[in-house]
Amino acid sequence: MAMEIGRRPVMQGLVASGVSAASTRIADARASGKGDRPQPDAGRSIATILSGGPFDAPFLAGLRAAVPLHARVEPLDLDLQGSAAGLARLQAALAPGRHARLVGLVDDGGGAVIVEVARANGARMVWLGHHATSAGHDETRHRILTADAARGCGTLLGEHLQSCGGTFRLSEHHLGGKEGELAAIAASPAMPSISGWATALGVLLGTLGHRDETVRIRPLQPDAGPPPAVTRRPRRTFVSFAFEI
Amino acid sequence: MANQDFVALPQGIAASDLAVAIEKFKTILGPQSVLTDETQLVPYMKIMMSVEEDRHAPSAALIATEVEQIQKIVGVCNEHKVPIWPISTGKNLGYGSAAPGSRGQVVLDLGRMNRILEVDADLGTALVEPGVTYQQLHDYLRERSIPLWLSCPAPSAIAGPVGNTLDRGVGYTPYGEHFMFQCGMEVVLPNGELLRTGMGGIPNSNTWQVFKWGFGPYLDGLFTQSNYGIVTKMGLWLMPAPPAYKPFAIRYDDEQDITGIVETLRPLRIAQVIPNAMVIASAIWEAAAIVARADHYDGTGRTPDDVIRKILAEHQLGAWNVYAALYGTQEQIDVNWKIVTEVVKASGKGVIVTAEEAGDNPIFKYRAALMRGDMTLQEFGLYNWRGGGGSMWFAPVSQARGSETLKQMEMAKSILHKHNLDYVGEFIVGWRDMHHIIDVLFDRTDPDEMQAAHACFGELLDVFTKAGYGTYRVNTAFMDQVAEAYGPVKRAFNQTLKRALDPNGIIAPGKSGIWV
């Protein structure tokens, strides 16, 4: 079976995101899919959950740059901790048969709820990431859990961060154990943009599940400007995820 | 199915044997209810413990909806020696979540076995299946205007009464000791037989949910925190909605006040003046519901005391924060309120905060919701405090005695701080005990911190055991260590029962340190 994560669209996406360096040291995502899973469909909508964090904008910009032209990106307004209505909206978004993908970058509390509700609804999890940004020295840390449909993509993100010259630690895990581990210390004190990882993550999650021929990478903004920058450098943690529903 | 298609294998089971069992499971459940694809299994291995995910990767997950299916499944498991790990809603967060106890075990997911079979509005009883959530039961009562209240743990809406009760979890209402308010079970035994406990074995009995003990040895406890059977129905008692309800908080400024708090409030709890499982929440627990540590502190290691003091001052929180409530008629509440306020005043410490004074304070609101069994997810904010997805509950039991609670708090703080972690604790006041609940929060993106958390948790267990304290519940990575603490005779007795009931060791091997 052909791999579902195309190297080319991911690379295109990262370049289009405006945060990629010239390096092409991006390894092929490994193909290890199984035959009984529904095939991804470029036309399915992508519901997006964000939690009002400082990296929402670059993440969303990366996502929008990567998704197929005819797929819809629908941001969901959830306040999981504050209201029953938020949980009801999440339940609806995860209702079986919606033929959609659900991706997001949220805080840890929201992430815990979303994963639990997703499992209860029978959603298929392709990617689960924990991310931490540190204050002061611009380090990011990433712990990625992937299923076969995204296996190798955590490492792909790491190689991209490496090509950008950032300081980071990343490990990718799957059901069989640790898939890969990468770490780098920037030669220069800071990455070109502290938000680069979030944009790259958005591109990556937007690209998951689509073959080369179904993806058309667009500029981030109509004027093809740079991704939204985050000037403050907070120590924060986030959860990223991608589900097929 | 080709052997290599399994993402994990149970210990000692050949892929070819598992493949045969999987085909039989498909015949019982239908192919769509036997999950072997990675994307379907990854959600079951999302853990918060200080170990790697692959240690808890399932080989498959089975979605059962009927008792008869479960009886057939255990037959197949016995035939092929395949271990299964039953979950109800699988929301045992911080205690192992939905992940099997060890790699390769097949998850038996009862989440879609979610019928509310009976609610008796007069007697205040319910009979439910394992997949019923608190939200579902809450909605059922509201939609039918049945004036009964639930008692739920903090994850409330997404968790369920069967799983929480079987793990001997607690809530915050007068019915907060959940196993105490459980009445009657239906259990699929490892040999496939169907046992009804209490009065349930008598044909046409209408007392199954009203009288717990039945005749002869009382059995229900054997099926809590154990692996002797699969509970498929459970009865529970629900609290009549009181005509009036008065939640309140008491704020204390000094961490050393814990001694006085317990001595002041214990008599009120034992005398049922304050009837609910009130809580005494520490500074960080209180703060974490609304702020992240990073909002106030950019450093590493434990949160410095001056930072905590600043957070408390900024948000008007106490070093200790008591949440309790009065229930009954307005006249009853008035009498008891007078007693409570006079006792607190006489103690010379503590500032009482009423609902009216708290206004829209989100912490007070969610605590008030929990103490009346309403749904809230506010406490998930704890996971934002440090972030990174690591959380393990350390839960020693303490006497409801001030000197004991202070001693436990200081012991725990000392060990946590040694490992550069925060003390995030609360005491839930039981009938004579205190559940001392400490959330060992850590960042799983940081391998060093994860290692520190693991060492810290082990040391907490060691030191508390040596001091004579046992934990009432623990995550799956540390169950053997806790079982050992309760002594060799207890452990051997548990094993004797296991060997008698489940000689092939097919149900949840290792649960609570019980192996065949």
# chains A, B, ... in the order shown; residues from 1 in each chain; ligands from 1
call {"tool": "interface_residues", "arguments": {"of": "chain B", "to": "chain A", "cutoff": "6 Å", "atoms": "only C-alpha atoms", "output": "number ranges by chain"}}
result
B: 38-40, 43, 54, 57, 294, 377-378, 380-381, 383-384, 387-388, 445
call {"tool": "write_last_selection", "arguments": {"atoms": "N, CA and C atoms", "output": "tab-separated table (two decimals), in the first residue's frame"}}
result
chain	number	residue	atom	x	y	z
B	38	GLU	N	-3.57	0.33	13.97
B	38	GLU	CA	-2.83	1.23	14.87
B	38	GLU	C	-3.60	2.50	15.20
B	39	THR	N	-4.26	3.07	14.20
B	39	THR	CA	-4.96	4.33	14.47
B	39	THR	C	-6.11	4.14	15.46
B	40	GLN	N	-6.61	2.91	15.52
B	40	GLN	CA	-7.67	2.62	16.50
B	40	GLN	C	-7.10	2.30	17.88
B	43	PRO	N	-5.25	5.50	20.63
B	43	PRO	CA	-5.98	6.20	21.70
B	43	PRO	C	-6.03	5.43	23.03
B	54	ASP	N	4.89	2.35	24.88
B	54	ASP	CA	4.84	1.01	24.27
B	54	ASP	C	4.74	-0.09	25.32
B	57	ALA	N	1.03	-0.83	25.23
B	57	ALA	CA	0.36	-0.92	23.93
B	57	ALA	C	-0.50	-2.19	23.88
B	294	ALA	N	3.48	28.78	34.25
B	294	ALA	CA	4.27	29.65	33.36
B	294	ALA	C	3.78	31.09	33.35
B	377	LEU	N	-15.65	20.34	34.06
B	377	LEU	CA	-14.34	19.84	33.65
B	377	LEU	C	-13.23	20.80	34.09
B	378	GLN	N	-13.59	21.70	35.00
B	378	GLN	CA	-12.64	22.76	35.38
B	378	GLN	C	-11.33	22.20	35.92
B	380	PHE	N	-9.56	19.88	35.03
B	380	PHE	CA	-8.56	19.51	34.03
B	380	PHE	C	-7.48	20.59	33.92
B	381	GLY	N	-7.77	21.77	34.47
B	381	GLY	CA	-6.78	22.83	34.52
B	381	GLY	C	-5.51	22.42	35.26
B	383	TYR	N	-3.75	20.01	34.69
B	383	TYR	CA	-2.77	19.54	33.71
B	383	TYR	C	-2.04	20.70	33.04
B	384	ASN	N	-2.58	21.90	33.18
B	384	ASN	CA	-1.90	23.06	32.59
B	384	ASN	C	-0.86	23.65	33.54
B	387	GLY	N	2.24	21.29	32.76
B	387	GLY	CA	2.15	20.93	31.35
B	387	GLY	C	3.02	19.75	30.99
B	388	GLY	N	2.84	19.27	29.78
B	388	GLY	CA	3.68	18.20	29.29
B	388	GLY	C	3.08	16.81	29.44
B	445	THR	N	7.69	15.77	27.99
B	445	THR	CA	8.59	16.13	26.88
B	445	THR	C	10.03	16.23	27.36
call {"tool": "residues_around", "arguments": {"residues": "segment 71-88 of chain B", "least_positions_apart": "2", "cutoff": "6 Å", "atoms": "only C-alpha atoms", "output": "ChimeraX atom specification"}}
result
/B:68-69,90,100,105-111,130-131,163,192,506-508
call {"tool": "closest_residue", "arguments": {"among": "A:Pro75, A:Gly180, A:Gly154, A:Pro96", "to": "Leu63 of chain A", "atoms": "only C-alpha atoms"}}
result
A:Pro75
call {"tool": "closest_residue", "arguments": {"among": "B:Asn420, B:Val353, B:Met45, B:Thr232", "to": "Glu66 of chain B", "atoms": "only C-alpha atoms"}}
result
B:Thr232
call {"tool": "residues_around", "arguments": {"residues": "segment 284-293 of chain B", "least_positions_apart": "5", "cutoff": "7 Å", "atoms": "only C-alpha atoms", "output": "MDAnalysis selection string"}}
result
chainID B and resid 363 378:379 381:382 384:386 424:425
call {"tool": "atom_distance", "arguments": {"atom1": "atom CA of Lys212 of chain B", "atom2": "atom CA of Met239 of chain B"}}
result
16.5 Å
